[in-house]
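This report concerns only the one structure given below.
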Amino acid sequence: MLLAGGQTAFAQTSKDTTNHRQLDEVVVTATKYPVKQSLTGKVLDVITREQLDKNEGRQLTEILNEQAGIVIIGAQNTLGSEQDVFIQGAPNGTTLILIDGIPAYDPSGVTTNFDLNLINTDEVERVEILKGSQSTLYGSDAMAGVINIITKKGNGKAFNPFLSLAGGSYNTFKGSAGADGKFGKTAYNIQYTRLRSDGISDAYDSTGKGNFDKDGFKEDIVLANVSQGVTDALQLRANFQYSHYDHALDYGAYTDDPNYTSASKNTQAGVGADYRLGAAMLHFNYNYNTVTRDYVDDSAMAIVQGGSYSQSGYTGNSHFSELYSNITLSPHVDLLAGIDYRQQHITESSVYLSQYFSDTSTIGGDSARVRQSAGYVSLLFKELGGFNLGIGGRYNSFSKYGNVFTWSIDPSYVLNDRLKFFANLSSGFSAPTLYQLYSPYRDPYGELKPEKTESLETGVQYGRRDFNVRGLFFQRHTMDEIIFTSDAANPNGFYINQDRQDDYGMEWEASWKTGPWSFSGNYTYTTGKGTTLSNGKDTSFYNLYRQPKHLVNLKAGWQATQGLYLSLSLRTVGRRIESIYGGAPIGIAPYYTLNGYAEYRLAGKWKVFLDLENLTDQQYFDIPGFNSKRFNFMAGISVHL
């Protein structure tokens, strides 16, 4: 039989590991092929399908927001809000999103962050979160870590239909339907999801008298994948996803705009193959990804009467292909080697018309593209009397920025199969985006250089069947960080490389299951400073904007009966600061949210659920001037036949 060597193939056979020690859990993201967590010194967390099922009614970013070291700004705001991902103090744009192990980008943005609004929890089988610089395996933009979203695959019977319907606050509705299955050597999954909501106003009405309109959201997602076993050694794969959403916007903080709308769509299509050749597994992947964003703001008044009109469109296309192999050289040595190629291209246009001013601009053509290729290799020395060591290197060649070499070393030692000491020392890089290079805000004094990092994660983990605890220290040194600034000659601002950035902190995580009860919690401390040259002297300043120094998540679950499950979770977010362009930063008040969840399963196939968020109706802000959700709920039913 064909062994599951590729990430996509492995996802088909992944099982819930809630009742097993995390050290024994098999993961793929840390090495690009399946290994036990105990064999790697990298820091990795897993959100299983069972955990996703027990958060029914919530968005994926809300679930990610409860993981140690992760802050997603926008997850608590109205649907369609921009989702900015921060891991361990690193800035937005330095966490690489993977979908089934394949990098997902939006090349047209200020950062290449993939819009997580385009992914719905119902399509996800599990999520693996790998922290620390992962550029050696995954290339650019993986300086802070990677989030690998593994989608559902076909298994079980030949035909397994499923349906989920839910509704709740803000006149929100979500429906998802599809089928998966496996017959012979063919496995498939096809699914459609519809999500709509009247929402709340994006902008906060500080006077209470502005009568701000609601900013609604409508989304459709189609997902399909198929795998075909050609022989016992060869498996072929294909995948397709189309996502589209419309979202009403506001002018800015504290400012309503009933005529501002946006539309985003994403198409992803890919093919792949896995082939076993003796002790080696060969993997090939190709993926095409295109993202289009359109924004229109029409005052609904004739321009001669003082009205205005603006329209802007952004399109980013990316191609990704890779060929790699993992080889078992001996019972104690694994080898991974591969090459990949990436190409990104953008086209952008904007128009502004008013009675007194008009402007148009475009970015595109053959010049607004970048190509990069890379070769990488890693070795895993494993189970050497409890000692394990991973080492690797990657050489990256760019069409514009020159060449970059990255490396990683991750030793670990496991004592009595329960106590693990680990470390991960690595370098990383993030190339300038096409927007930073070609927009009117490009550096007027020279060429931007890639950001480069050196990072360390080290700690200890203890795990047994029903109890797990991990503590770690992390630090990251970033050179040539790209920031936005201005001067007298360029008052509108531009991008430059800052001298350096230093971040560090610690994480504590624990989980415990006893009888029908389960408990979990995590605490993250994060701090950092930027250093830049000013008047011939280095000037340092705290600059982790919107990111709390102290972050706590606690959760208790109770399996009251075979069918009834209840949980309560608490999230506390410490004080933060907000950057004010041209002025001193302001403080953002700390807050907490209390959430509840209940589900009841009937005959193992039917489930009814109720998700309650912000039970105490707290008013809080992740971004000053923009609303976060007050008390709200989602209730629904799902069936798997």
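How things are named: the first chain in the structure tokens is A, the next is B, and so on; residues count from 1 in each chain; ligands count from 1 in the order shown.
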Quick one: DSSP helix (DSSP H, G or I) residues in region 118-163 of chain A, as a list in words? Leu118, Thr121, Asp122, Glu123, Ser135, Thr136, Leu137 and Tyr138 of chain A
Sel. of strand (DSSP E or B) residues, region 269-422 of chain A, as a PyMOL selection string: chain A and resi 269-277+280-298+308-330+333-354+358-363+369-384+387-398+403-415+419-422
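Distance annotation: of A:Ser397, A:Thr458, A:Thr539, A:Thr231, the residue with the minimal separation from Phe421 (chain A) is A:Thr458; atom set is only C-alpha atoms.
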Pick the closest to Met506 (chain A) from A:Arg237, A:Ser197, A:Asp334, A:Gly69: which is it, counting only C-alpha atoms?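 Comparing A:Arg237, A:Ser197, A:Asp334, A:Gly69 against Met506 (chain A), the winner is A:Gly69.
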Long-range neighbours of Gln372 (chain A) as an NGL selection string, 6 Å cut-off, only C-alpha atoms, 3 positions minimum in chain: :A and (341-342 or 397-398)
Please measure the separation of CA of Glu348 (chain A) and CA of Leu437 (chain A), giving the value in Å to one decimal. 13.1 Å
Give me, as a Markdown table, the closest atom pair and its distance (Å, one decimal) for every residue of region 136-251 of chain A within a cut-off of 8 Å of region 101-112 of chain A, counting only C-alpha atoms, rows sorted by chain and rising number.
```
| residue | atom | partner | partner_atom | distance |
| --- | --- | --- | --- | --- |
| A:Tyr138 | CA | A:Pro103 | CA | 7.8 |
| A:Asp141 | CA | A:Thr112 | CA | 8.0 |
| A:Asn148 | CA | A:Gly101 | CA | 6.0 |
| A:Ile149 | CA | A:Gly101 | CA | 7.6 |
| A:Ile150 | CA | A:Gly101 | CA | 7.5 |
```
At a cut-off of 12 Å, using only C-alpha atoms, what residues contact Gln83 (chain A)? Leave out same-chain residues fewer than 4 positions from it and give the result as a count of residues only. 27
